[in-house]
Protein chains: 4
Amino acid sequence: MATTKSDLLRQPIAHIDIKAFDARPIVDAMGGMAFQARNLHRAATILDGMIREPEGGVILCLAGSLVSAGLKQVIVDMIRHNMVDAIVSTGANIVDQDYFESLGFKHYVGSPYADDHALRDLGIDRIYDTYIDEEELRICDMTVAKIAAELEPRPHSSREFIGEMARYLVAQGKKTDGIVLAAHECGVPIFCPAFSDCSAGFGLVHHQWERQGKPQLSIDSARDFLELTRVKLAAKETGLFMIGGGVPKNFAQDTVVAADLLGKQVNMHKYAVQLTVADERDGALSGSTLREACSWGKVDTAYEQMVYGEATTTMPLIVSYAFHAGNWKSRKPRRYAEICG
Amino acid sequence: MATTKSDLLRQPIAHIDIKAFDARPIVDAMGGMAFQARNLHRAATILDGMIREPEGGVILCLAGSLVSAGLKQVIVDMIRHNMVDAIVSTGANIVDQDYFESLGFKHYVGSPYADDHALRDLGIDRIYDTYIDEEELRICDMTVAKIAAELEPRPHSSREFIGEMARYLVAQGKKTDGIVLAAHECGVPIFCPAFSDCSAGFGLVHHQWERQGKPQLSIDSARDFLELTRVKLAAKETGLFMIGGGVPKNFAQDTVVAADLLGKQVNMHKYAVQLTVADERDGALSGSTLREACSWGKVDTAYEQMVYGEATTTMPLIVSYAFHAGNWKSRKPRRYAEICG
Amino acid sequence: MATTKSDLLRQPIAHIDIKAFDARPIVDAMGGMAFQARNLHRAATILDGMIREPEGGVILCLAGSLVSAGLKQVIVDMIRHNMVDAIVSTGANIVDQDYFESLGFKHYVGSPYADDHALRDLGIDRIYDTYIDEEELRICDMTVAKIAAELEPRPHSSREFIGEMARYLVAQGKKTDGIVLAAHECGVPIFCPAFSDCSAGFGLVHHQWERQGKPQLSIDSARDFLELTRVKLAAKETGLFMIGGGVPKNFAQDTVVAADLLGKQVNMHKYAVQLTVADERDGALSGSTLREACSWGKVDTAYEQMVYGEATTTMPLIVSYAFHAGNWKSRKPRRYAEICG
Amino acid sequence: MATTKSDLLRQPIAHIDIKAFDARPIVDAMGGMAFQARNLHRAATILDGMIREPEGGVILCLAGSLVSAGLKQVIVDMIRHNMVDAIVSTGANIVDQDYFESLGFKHYVGSPYADDHALRDLGIDRIYDTYIDEEELRICDMTVAKIAAELEPRPHSSREFIGEMARYLVAQGKKTDGIVLAAHECGVPIFCPAFSDCSAGFGLVHHQWERQGKPQLSIDSARDFLELTRVKLAAKETGLFMIGGGVPKNFAQDTVVAADLLGKQVNMHKYAVQLTVADERDGALSGSTLREACSWGKVDTAYEQMVYGEATTTMPLIVSYAFHAGNWKSRKPRRYAEICG
């Protein structure tokens, strides 16, 4: 094993550009096969269907380490080409990884066979086969603390706070494109229902600790849920494009029930695609089938598809397919961020 | 398929009682084998080690549908026998499932092959092979709304709010034992970092919707993180007993880093056991190894063990082993709930 | 890492004794739960049903490294207590592992984190967390070559050859009990449809290489299939107890079709239990559901159950349940070996 | 569900043509990412390395239902473009699926949610989401029986018998290209170490049953092993390209040890790629890492890569990459079939 930090943090992760290749020939060919190839093809056509839906809303759900793995540009491209209208994510993707890169830092190609004690001594954090400079991550944490300190000391939704994070980037003249920045510019709201469970949590804990006994900023996750429910109410038909499972999957699905509880009639999510490696047999939600979600009144079953495979190998194909299909070109931005406030 | 709701909601899930059998002979025999049997044995001895640690704190992390699957009594027994000092959980286990049962409702034996459209029409929600009466779940949601309406309209940590939920049970004379009730009585704090992502979220959305323009109760997930960090600061050594992964796993692990950020020296979590079906190869946290967590400075590697298997088949064996080992008998309650406020 | 072979080959794997504990209380309690616990309970009752079936035949299918993992005695106990009537296995379980131990060798507790190059240099073979002395394995290979050399140089079924291996043990006065020995004594035929794919293959390649141009012993896998089909014809009703998938699962299932092709009416396998970690979504047979097998006319669906979990943690519970249920006591030995010749 | 057989057997599986698209841009982009995308890229470069190896031999191992899933043409293209020199496979891929199609039959697009009892009644066999006409499969079985009846009644290796099956196709003027036919024409030997465990088994059982008391054809799996070991001896360096695990993976790896046992010095397999969904934690060989194989002296670790994903989604990308890299153009056919006899 190399012995210095700079030896190990040498090759940055490069984000895949799905505009640079047209995956349609391969995805179309997969449609005539079996197993996950056929499922992948169907998922791509369903994503395209979400985009073609008049007055429809596309909700992208993100779980797992997607940004650090090189999928950031895929998501940015979806935002900037009007293929997604709202995002529900784990905090890590949005703050520790995307915002971290927009602050000027990078993820690095590493090894799953590394000696973790040696990495610990060098201040390198590992995500399977990817390395992060821990000092840089601490700067990201403290940037959140700094932003929090300058805002009104009241409950904020995560969506609202992430908007402020974007404004900070703009004010500081940070120019590395990313999800937070693109979503801000395109009016795409981002929700992190477990916002403390990431780098942001460290910044906010610092904030509240420093201001003990004084008015503090807090993160109101109930308000996130209310705001996302407003998005559901605003859209005529909705589609969920879910990468991984976890909280984002559940949270987005639940808006149908929440609307119902507020006395509003809304349709179930009309389209649903999930890319996952989890399976249903342990009863956990991450692997629960979209058919099961139908029993809960959350997801309709006509246009649902699960694709069993790791997202770095499936998401680029599916999004490249929908991008090159080009149906986003005639689509108007929904700018749902404007109805959340 | 049976055609009435009462036909389908006939046989309640029965919670396993790990006190009623002594799993030590079988778990000890597994220690001399290979693969997951050997891992299961080692996990059991590490859990016992957490309990024997003088001045140690045991943090139980819960993800997946554990309570609905019949593991409620295992968790209650851990609380009431002083084998756990703090709980970090998904909202579903605590509110939709445990609190739901304490309100007098039940989960029912169902089939994974059910017709989900038919269930939908009957108002039955399905979790793999388990059924729930959706009307009863709505009562649970609205109970949360009712509790929220009677509290001071300010940010609450989920821990604080769950404490109020327990008080409501006591006030209403509800006697079905459960996690929320037992934890309340034993001073064990419960944290749900994504508290809106469950039945509680529905109740709170209803609360905030009804009180638009008026002061509202909110859930401050940053404060949860600060409170759990206080628990970490209070304990000399800590152990994590993690069922599933997701937010609870990450949240509890992160307290070491949070303490560091507040300028406090704390040890990494000394003990760590995870029961999971996830694997590390997709880079997601749920399956990330505890060795990887060492690179982050979160978990020490001397006493860590992952057990690959579904929790209903592994947790009863492990907890029965630790229960019958009896080392909890000489252990003082930590009552960490009292230092969270 | 320790530097000598004897340092690493110190603690032998100890085979679990399912007679020494009664798993019925825990397995019965699992029956009221959900997910794999409930499945495990049902599998145990179906295994018991196979044993209780009048004139029924129980076929045990073995894939994966079961014997080296400490499950040998479970299988021996099933044979000696009349709970199994025929075995279909990978060659590794029967020759490299069971016969190897009967020759006086052992498997050793190892580590999955070992340096495989270092092990290579020491002549130690690794199976995940288990070690084997490679020199001893070579002796096992050559024992097969020696046995082959003394037999008539004609095609043998694997069943026939394994019988000769048992006779060799007896002749040599080897007394370590094992599957090959117990099956021989109890008239239980053992089939390895891919018999060359193991230590036996090395011995037989050596045999044929040495006897180039002369009459040679060969292994006729078609005859194995014919013999196992005779077993199926002899039994009124059959049950499959499958540990893992692979060739043994398929081979045993196929006997129904083979009988049909010979113009004989036989029932589908009436009972079927599979313990596996594989899943169905890649279309491979190891994870294909037993319901799918029904479309092929192989397995009936009334008494079928898959249990998702690693066999070292599930098989001891299930077999202990059936053992202590005691229904084997009134069962007559089928001695199917006698109809194979 | 449709009620007639012809309703259900309407849309044939279409085999993907990796020559029709150039996957290099996407696979190259994956090389800078993380997790399985990076692994997939590395696997593609290692496959290309096998092809570029002077005097090297490429052994393709096939397990799982690959041909029925639409991967037949990928394998045929590898054979006809000199990218593979020997094949080790499960019987199902070669006989039930490839030979079946060369006899003029097809696989059909089906549904994983089908009612298997209804399929049973219609004589339709299901492989996850694919349908087969059972009557046509019986014709395939009986074709094997017919071929066996016309050959000399002595032990044949599966390689030898499959060669005869190819000759039968040619003699009958069957023109649907396939693996058996292409391999025959290109001198690529095909080994099925568990040859009875497929449609061929049915044909051979029928043959032996009909000829009781008379000389019979038999399949000598030991001879397969000897022949494949000859291939290993003939090649200077070898690479394994393994789709799935099971018997083919083990069998091909074992040739290094077999050569050693015959007193011949050979190198370990220099290159190894495995595409799989299995994992190592249950100790079974299908998921055992290629590093573990190093402890056995079978596979070197410099150029090994596992790719976790279902083969229909990964194999087309990897083979398209190596095909368009074009290094097969300057490669001489090895024609190893000629040294097996």
# chains A, B, ... in the order shown; residues from 1 in each chain; ligands from 1
>>> residues_around(residues="stretch 129-134 of chain B", least_positions_apart="4", cutoff="6 Å", atoms="only C-alpha atoms", output="count of residues only")
9
>>> calpha_fit_and_write(fixed="chain D", moving="chain C", output="compact mmCIF listing (two decimals) with C-alpha atoms, in the first residue's frame")
# COMPACT_ATOMS: atom_id res chain seq x y z
CA MET C 1 -53.88 -15.04 -18.63
CA ALA C 2 -54.25 -16.06 -22.24
CA THR C 3 -55.78 -19.48 -22.64
CA THR C 4 -54.12 -21.06 -25.63
CA LYS C 5 -50.60 -22.22 -26.18
CA SER C 6 -50.20 -20.18 -29.34
CA ASP C 7 -51.29 -17.04 -27.52
CA LEU C 8 -48.46 -17.52 -25.07
CA LEU C 9 -45.81 -18.67 -27.54
CA ARG C 10 -45.99 -15.69 -29.82
CA GLN C 11 -42.93 -13.47 -29.45
CA PRO C 12 -39.61 -15.29 -29.82
CA ILE C 13 -36.60 -14.23 -27.79
CA ALA C 14 -34.29 -12.17 -30.04
CA HIS C 15 -30.56 -12.70 -29.57
CA ILE C 16 -28.57 -9.54 -29.06
CA ASP C 17 -25.97 -8.72 -31.75
CA ILE C 18 -22.94 -7.11 -30.14
CA LYS C 19 -21.47 -6.33 -33.55
CA ALA C 20 -24.35 -3.94 -34.25
CA PHE C 21 -23.30 -1.40 -31.62
CA ASP C 22 -19.93 -0.32 -30.31
CA ALA C 23 -19.98 -0.38 -26.52
CA ARG C 24 -16.49 1.06 -26.19
CA PRO C 25 -17.52 4.66 -25.43
CA ILE C 26 -19.81 3.63 -22.59
CA VAL C 27 -17.46 0.99 -21.19
CA ASP C 28 -14.53 3.39 -21.33
CA ALA C 29 -16.57 6.01 -19.49
CA MET C 30 -17.41 3.43 -16.84
CA GLY C 31 -13.69 2.98 -16.18
CA GLY C 32 -13.51 6.29 -14.35
CA MET C 33 -16.47 5.59 -12.11
CA ALA C 34 -16.74 3.29 -9.07
CA PHE C 35 -18.35 0.03 -7.96
CA GLN C 36 -19.51 -2.36 -10.69
CA ALA C 37 -19.11 0.10 -13.54
CA ARG C 38 -15.39 0.31 -12.87
CA ASN C 39 -15.25 -3.47 -12.44
CA LEU C 40 -17.09 -3.98 -15.72
CA HIS C 41 -14.57 -1.81 -17.54
CA ARG C 42 -11.66 -3.68 -16.02
CA ALA C 43 -13.24 -7.00 -16.93
CA ALA C 44 -13.56 -5.85 -20.53
CA THR C 45 -9.89 -4.89 -20.68
CA ILE C 46 -8.90 -8.24 -19.14
CA LEU C 47 -10.97 -10.12 -21.73
CA ASP C 48 -9.19 -8.10 -24.38
CA GLY C 49 -5.90 -9.04 -22.69
CA MET C 50 -6.76 -12.75 -22.96
CA ILE C 51 -7.35 -12.30 -26.66
CA ARG C 52 -4.09 -10.43 -27.16
CA GLU C 53 -2.01 -13.01 -25.27
CA PRO C 54 0.34 -14.68 -27.77
CA GLU C 55 -0.20 -18.45 -27.74
CA GLY C 56 -2.88 -17.94 -25.09
CA GLY C 57 -6.06 -19.95 -24.77
CA VAL C 58 -9.42 -18.45 -23.86
CA ILE C 59 -11.82 -20.76 -22.02
CA LEU C 60 -15.44 -19.63 -21.83
CA CYS C 61 -17.46 -21.04 -18.91
CA LEU C 62 -21.24 -20.92 -19.12
CA ALA C 63 -23.72 -21.42 -16.29
CA GLY C 64 -27.25 -20.12 -15.93
CA SER C 65 -29.90 -19.85 -18.64
CA LEU C 66 -27.88 -17.77 -21.05
CA VAL C 67 -28.97 -19.01 -24.45
CA SER C 68 -32.68 -18.88 -23.69
CA ALA C 69 -32.12 -15.34 -22.41
CA GLY C 70 -30.85 -14.04 -25.74
CA LEU C 71 -27.08 -14.37 -25.35
CA LYS C 72 -26.62 -17.10 -27.99
CA GLN C 73 -25.38 -14.82 -30.73
CA VAL C 74 -22.82 -13.23 -28.38
CA ILE C 75 -21.29 -16.66 -27.84
CA VAL C 76 -21.51 -17.61 -31.52
CA ASP C 77 -19.79 -14.34 -32.40
CA MET C 78 -17.00 -15.07 -29.95
CA ILE C 79 -16.49 -18.47 -31.57
CA ARG C 80 -16.65 -17.30 -35.16
CA HIS C 81 -14.35 -14.34 -34.51
CA ASN C 82 -11.73 -16.37 -32.79
CA MET C 83 -12.26 -14.88 -29.36
CA VAL C 84 -12.71 -18.20 -27.58
CA ASP C 85 -10.86 -21.52 -27.82
CA ALA C 86 -12.75 -23.91 -25.55
CA ILE C 87 -16.13 -23.91 -23.83
CA VAL C 88 -17.16 -25.51 -20.54
CA SER C 89 -20.88 -25.32 -19.97
CA THR C 90 -23.90 -26.63 -18.17
CA GLY C 91 -25.78 -29.06 -20.35
CA ALA C 92 -28.85 -26.87 -20.46
CA ASN C 93 -27.17 -24.05 -22.39
CA ILE C 94 -25.71 -26.42 -24.96
CA VAL C 95 -28.43 -29.02 -25.48
CA ASP C 96 -31.81 -27.79 -24.18
CA GLN C 97 -31.27 -24.29 -25.47
CA ASP C 98 -28.67 -23.95 -28.22
CA TYR C 99 -29.11 -27.32 -29.92
CA PHE C 100 -32.85 -26.99 -29.41
CA GLU C 101 -32.82 -23.75 -31.42
CA SER C 102 -30.60 -25.28 -34.09
CA LEU C 103 -33.20 -28.01 -34.48
CA GLY C 104 -35.57 -25.21 -35.45
CA PHE C 105 -37.31 -24.40 -32.18
CA LYS C 106 -37.49 -21.13 -30.27
CA HIS C 107 -37.74 -19.58 -26.82
CA TYR C 108 -40.55 -17.13 -26.18
CA VAL C 109 -41.03 -13.95 -24.20
CA GLY C 110 -43.12 -14.80 -21.13
CA SER C 111 -43.97 -13.44 -17.71
CA PRO C 112 -42.52 -14.16 -14.27
CA TYR C 113 -46.01 -13.72 -12.83
CA ALA C 114 -47.58 -16.55 -14.84
CA ASP C 115 -49.80 -19.14 -13.22
CA ASP C 116 -47.57 -22.20 -13.27
CA HIS C 117 -50.42 -24.66 -12.97
CA ALA C 118 -52.02 -23.16 -16.06
CA LEU C 119 -48.71 -23.37 -17.91
CA ARG C 120 -48.39 -26.98 -16.79
CA ASP C 121 -51.78 -27.78 -18.30
CA LEU C 122 -50.77 -26.14 -21.57
CA GLY C 123 -47.44 -27.95 -21.78
CA ILE C 124 -45.41 -24.79 -21.44
CA ASP C 125 -42.20 -24.77 -19.37
CA ARG C 126 -41.15 -21.52 -17.75
CA ILE C 127 -37.67 -20.10 -17.05
CA TYR C 128 -38.41 -16.97 -14.99
CA ASP C 129 -39.85 -14.77 -17.78
CA THR C 130 -39.33 -17.09 -20.74
CA TYR C 131 -41.50 -19.87 -22.15
CA ILE C 132 -40.67 -23.13 -23.92
CA ASP C 133 -42.93 -25.58 -25.72
CA GLU C 134 -42.51 -28.81 -23.79
CA GLU C 135 -43.35 -30.99 -26.79
CA GLU C 136 -40.51 -29.43 -28.73
CA LEU C 137 -38.17 -30.09 -25.83
CA ARG C 138 -39.18 -33.77 -25.94
CA ILE C 139 -38.19 -33.85 -29.62
CA CYS C 140 -34.79 -32.48 -28.63
CA ASP C 141 -34.44 -35.22 -25.98
CA MET C 142 -35.30 -37.92 -28.47
CA THR C 143 -32.92 -36.52 -31.07
CA VAL C 144 -30.13 -37.16 -28.59
CA ALA C 145 -31.45 -40.70 -28.08
CA LYS C 146 -31.44 -41.20 -31.85
CA ILE C 147 -27.88 -39.95 -32.21
CA ALA C 148 -26.74 -42.18 -29.34
CA ALA C 149 -28.32 -45.21 -30.96
CA GLU C 150 -26.25 -44.76 -34.09
CA LEU C 151 -22.90 -44.41 -32.38
CA GLU C 152 -20.49 -47.05 -31.22
CA PRO C 153 -21.69 -48.34 -27.81
CA ARG C 154 -18.71 -47.25 -25.74
CA PRO C 155 -17.80 -44.43 -23.34
CA HIS C 156 -17.74 -41.03 -24.99
CA SER C 157 -16.60 -37.76 -23.53
CA SER C 158 -19.30 -35.11 -23.65
CA ARG C 159 -17.01 -33.21 -26.01
CA GLU C 160 -16.98 -36.15 -28.38
CA PHE C 161 -20.75 -36.63 -28.21
CA ILE C 162 -21.45 -32.92 -28.79
CA GLY C 163 -19.27 -33.20 -31.87
CA GLU C 164 -21.55 -35.97 -33.10
CA MET C 165 -24.56 -33.80 -32.39
CA ALA C 166 -23.03 -31.15 -34.65
CA ARG C 167 -22.43 -33.72 -37.39
CA TYR C 168 -26.09 -34.72 -37.17
CA LEU C 169 -27.13 -31.09 -37.71
CA VAL C 170 -24.94 -30.87 -40.78
CA ALA C 171 -26.21 -34.18 -42.12
CA GLN C 172 -29.80 -33.10 -41.63
CA GLY C 173 -29.14 -29.80 -43.36
CA LYS C 174 -30.15 -27.76 -40.32
CA LYS C 175 -29.06 -24.21 -40.92
CA THR C 176 -29.90 -22.18 -37.84
CA ASP C 177 -26.54 -21.08 -36.56
CA GLY C 178 -25.68 -21.85 -32.98
CA ILE C 179 -22.96 -22.63 -30.50
CA VAL C 180 -22.72 -26.36 -31.24
CA LEU C 181 -22.53 -25.76 -34.98
CA ALA C 182 -20.09 -22.85 -34.86
CA ALA C 183 -17.82 -24.60 -32.38
CA HIS C 184 -17.76 -27.69 -34.57
CA GLU C 185 -16.80 -25.67 -37.62
CA CYS C 186 -14.15 -23.66 -35.76
CA GLY C 187 -12.50 -26.53 -33.87
CA VAL C 188 -13.61 -25.22 -30.48
CA PRO C 189 -14.24 -28.12 -28.07
CA ILE C 190 -17.33 -27.94 -25.85
CA PHE C 191 -17.34 -29.75 -22.51
CA CYS C 192 -20.41 -30.41 -20.35
CA PRO C 193 -19.03 -32.07 -17.21
CA ALA C 194 -22.57 -32.81 -15.97
CA PHE C 195 -23.85 -33.84 -19.37
CA SER C 196 -26.72 -35.97 -18.04
CA ASP C 197 -28.13 -33.00 -16.17
CA CYS C 198 -30.06 -31.67 -19.16
CA SER C 199 -32.09 -32.68 -22.17
CA ALA C 200 -29.23 -34.94 -23.24
CA GLY C 201 -29.69 -36.88 -20.03
CA PHE C 202 -33.24 -37.72 -20.99
CA GLY C 203 -32.12 -38.96 -24.38
CA LEU C 204 -29.33 -41.04 -22.90
CA VAL C 205 -31.51 -42.54 -20.19
CA HIS C 206 -33.91 -43.55 -22.93
CA HIS C 207 -31.01 -45.06 -24.89
CA GLN C 208 -29.71 -47.09 -21.96
CA TRP C 209 -33.19 -48.19 -20.88
CA GLU C 210 -33.93 -49.46 -24.39
CA ARG C 211 -30.65 -51.31 -24.56
CA GLN C 212 -30.71 -53.07 -21.23
CA GLY C 213 -28.51 -56.11 -21.41
CA LYS C 214 -26.91 -54.91 -24.65
CA PRO C 215 -23.83 -52.78 -25.26
CA GLN C 216 -24.63 -49.14 -24.55
CA LEU C 217 -23.19 -45.75 -25.18
CA SER C 218 -22.08 -44.03 -21.97
CA ILE C 219 -20.77 -40.57 -21.12
CA ASP C 220 -17.40 -40.56 -19.39
CA SER C 221 -17.01 -37.37 -17.40
CA ALA C 222 -13.52 -38.34 -16.28
CA ARG C 223 -12.45 -38.28 -19.89
CA ASP C 224 -13.87 -34.79 -20.24
CA PHE C 225 -11.60 -33.72 -17.46
CA LEU C 226 -8.61 -35.39 -19.06
CA GLU C 227 -9.35 -33.76 -22.41
CA LEU C 228 -9.74 -30.29 -20.90
CA THR C 229 -6.48 -30.84 -19.05
CA ARG C 230 -4.86 -31.54 -22.41
CA VAL C 231 -6.15 -28.18 -23.58
CA LYS C 232 -4.57 -26.56 -20.54
CA LEU C 233 -1.30 -28.35 -21.32
CA ALA C 234 -1.43 -27.17 -24.94
CA ALA C 235 -1.90 -23.50 -24.10
CA LYS C 236 0.99 -21.44 -22.86
CA GLU C 237 -1.17 -19.05 -20.88
CA THR C 238 -4.89 -19.35 -20.26
CA GLY C 239 -7.73 -17.01 -19.47
CA LEU C 240 -11.12 -17.89 -18.04
CA PHE C 241 -14.16 -15.87 -19.05
CA MET C 242 -16.83 -17.17 -16.69
CA ILE C 243 -20.50 -16.39 -16.97
CA GLY C 244 -22.03 -17.57 -13.69
CA GLY C 245 -20.36 -20.13 -11.46
CA GLY C 246 -21.28 -23.73 -10.72
CA VAL C 247 -19.63 -26.79 -12.22
CA PRO C 248 -18.12 -25.06 -15.30
CA LYS C 249 -16.23 -22.55 -13.17
CA ASN C 250 -14.79 -25.19 -10.90
CA PHE C 251 -14.06 -27.67 -13.66
CA ALA C 252 -12.07 -25.21 -15.74
CA GLN C 253 -10.15 -23.88 -12.75
CA ASP C 254 -9.23 -27.40 -11.67
CA THR C 255 -7.25 -28.20 -14.80
CA VAL C 256 -4.21 -26.51 -13.28
CA VAL C 257 -4.26 -28.95 -10.39
CA ALA C 258 -4.95 -31.90 -12.69
CA ALA C 259 -1.93 -31.04 -14.82
CA ASP C 260 0.17 -30.83 -11.69
CA LEU C 261 -1.07 -34.27 -10.62
CA LEU C 262 0.05 -35.70 -13.98
CA GLY C 263 3.51 -34.37 -13.23
CA LYS C 264 3.28 -31.48 -15.70
CA GLN C 265 4.27 -27.95 -14.76
CA VAL C 266 1.67 -25.45 -15.96
CA ASN C 267 1.01 -21.85 -15.03
CA MET C 268 -2.06 -20.88 -13.08
CA HIS C 269 -4.79 -19.34 -15.21
CA LYS C 270 -3.30 -15.95 -15.96
CA TYR C 271 -6.56 -14.10 -16.63
CA ALA C 272 -9.93 -14.58 -15.00
CA VAL C 273 -13.21 -12.69 -15.29
CA GLN C 274 -16.45 -13.79 -13.68
CA LEU C 275 -19.86 -12.21 -14.23
CA THR C 276 -22.14 -13.27 -11.40
CA VAL C 277 -24.87 -12.33 -8.98
CA ALA C 278 -23.67 -14.81 -6.35
CA ASP C 279 -21.61 -13.68 -3.43
CA GLU C 280 -18.88 -15.24 -1.38
CA ARG C 281 -20.43 -15.16 2.06
CA ASP C 282 -22.12 -18.55 1.92
CA GLY C 283 -18.88 -20.28 1.05
CA ALA C 284 -20.27 -21.83 -2.13
CA LEU C 285 -18.01 -21.92 -5.11
CA SER C 286 -20.29 -19.96 -7.44
CA GLY C 287 -19.61 -16.83 -5.44
CA SER C 288 -16.13 -17.63 -4.20
CA THR C 289 -13.69 -14.90 -5.12
CA LEU C 290 -10.97 -15.36 -7.66
CA ARG C 291 -8.53 -14.38 -4.93
CA GLU C 292 -9.63 -17.42 -2.95
CA ALA C 293 -8.86 -19.52 -6.04
CA CYS C 294 -5.30 -18.28 -5.79
CA SER C 295 -4.83 -20.12 -2.49
CA TRP C 296 -5.68 -23.29 -4.42
CA GLY C 297 -3.07 -22.51 -7.03
CA LYS C 298 -5.67 -22.19 -9.76
CA VAL C 299 -5.94 -18.54 -10.67
CA ASP C 300 -3.34 -15.83 -10.58
CA THR C 301 -4.47 -12.51 -9.12
CA ALA C 302 -2.83 -9.95 -11.37
CA TYR C 303 -5.59 -10.00 -13.99
CA GLU C 304 -8.73 -11.13 -12.25
CA GLN C 305 -12.04 -9.32 -11.93
CA MET C 306 -15.48 -10.22 -10.69
CA VAL C 307 -18.42 -8.22 -11.98
CA TYR C 308 -21.49 -8.32 -9.84
CA GLY C 309 -24.53 -8.14 -12.08
CA GLU C 310 -26.86 -10.27 -14.13
CA ALA C 311 -25.19 -11.50 -17.31
CA THR C 312 -27.77 -10.24 -19.82
CA THR C 313 -26.89 -6.70 -18.75
CA THR C 314 -23.12 -7.08 -18.47
CA MET C 315 -21.93 -9.66 -21.01
CA PRO C 316 -23.10 -7.75 -24.13
CA LEU C 317 -21.18 -4.64 -23.04
CA ILE C 318 -18.00 -6.54 -22.27
CA VAL C 319 -17.96 -8.65 -25.42
CA SER C 320 -18.94 -5.73 -27.64
CA TYR C 321 -15.97 -3.85 -26.18
CA ALA C 322 -13.55 -6.68 -26.95
CA PHE C 323 -15.08 -7.30 -30.36
CA HIS C 324 -14.72 -3.69 -31.48
CA ALA C 325 -11.23 -3.47 -30.00
CA GLY C 326 -10.47 -5.85 -32.86
CA ASN C 327 -7.51 -7.70 -31.43
CA TRP C 328 -9.07 -11.00 -32.48
CA LYS C 329 -8.35 -10.12 -36.09
CA SER C 330 -4.69 -11.04 -35.91
CA ARG C 331 -5.27 -14.09 -33.78
CA LYS C 332 -4.81 -17.63 -35.12
CA PRO C 333 -7.47 -20.26 -34.40
CA ARG C 334 -6.24 -22.66 -31.74
CA ARG C 335 -8.47 -25.57 -32.89
CA TYR C 336 -8.07 -27.33 -29.58
CA ALA C 337 -10.78 -29.82 -30.55
CA GLU C 338 -8.13 -31.55 -32.60
CA ILE C 339 -5.93 -32.33 -29.61
CA CYS C 340 -8.75 -33.74 -27.49
CA GLY C 341 -9.39 -36.96 -29.37
>>> select_by_dssp(residues="stretch 110-262 of chain C", states="helix (DSSP H, G or I)", output="PyMOL selection string")
chain C and resi 116-122+134-149+158-171+179-186+199-210+221-234+246-261
>>> select_by_dssp(residues="stretch 233-308 of chain D", states="strand (DSSP E)", output="ChimeraX atom specification")
/D:237-243,269-276,299-308
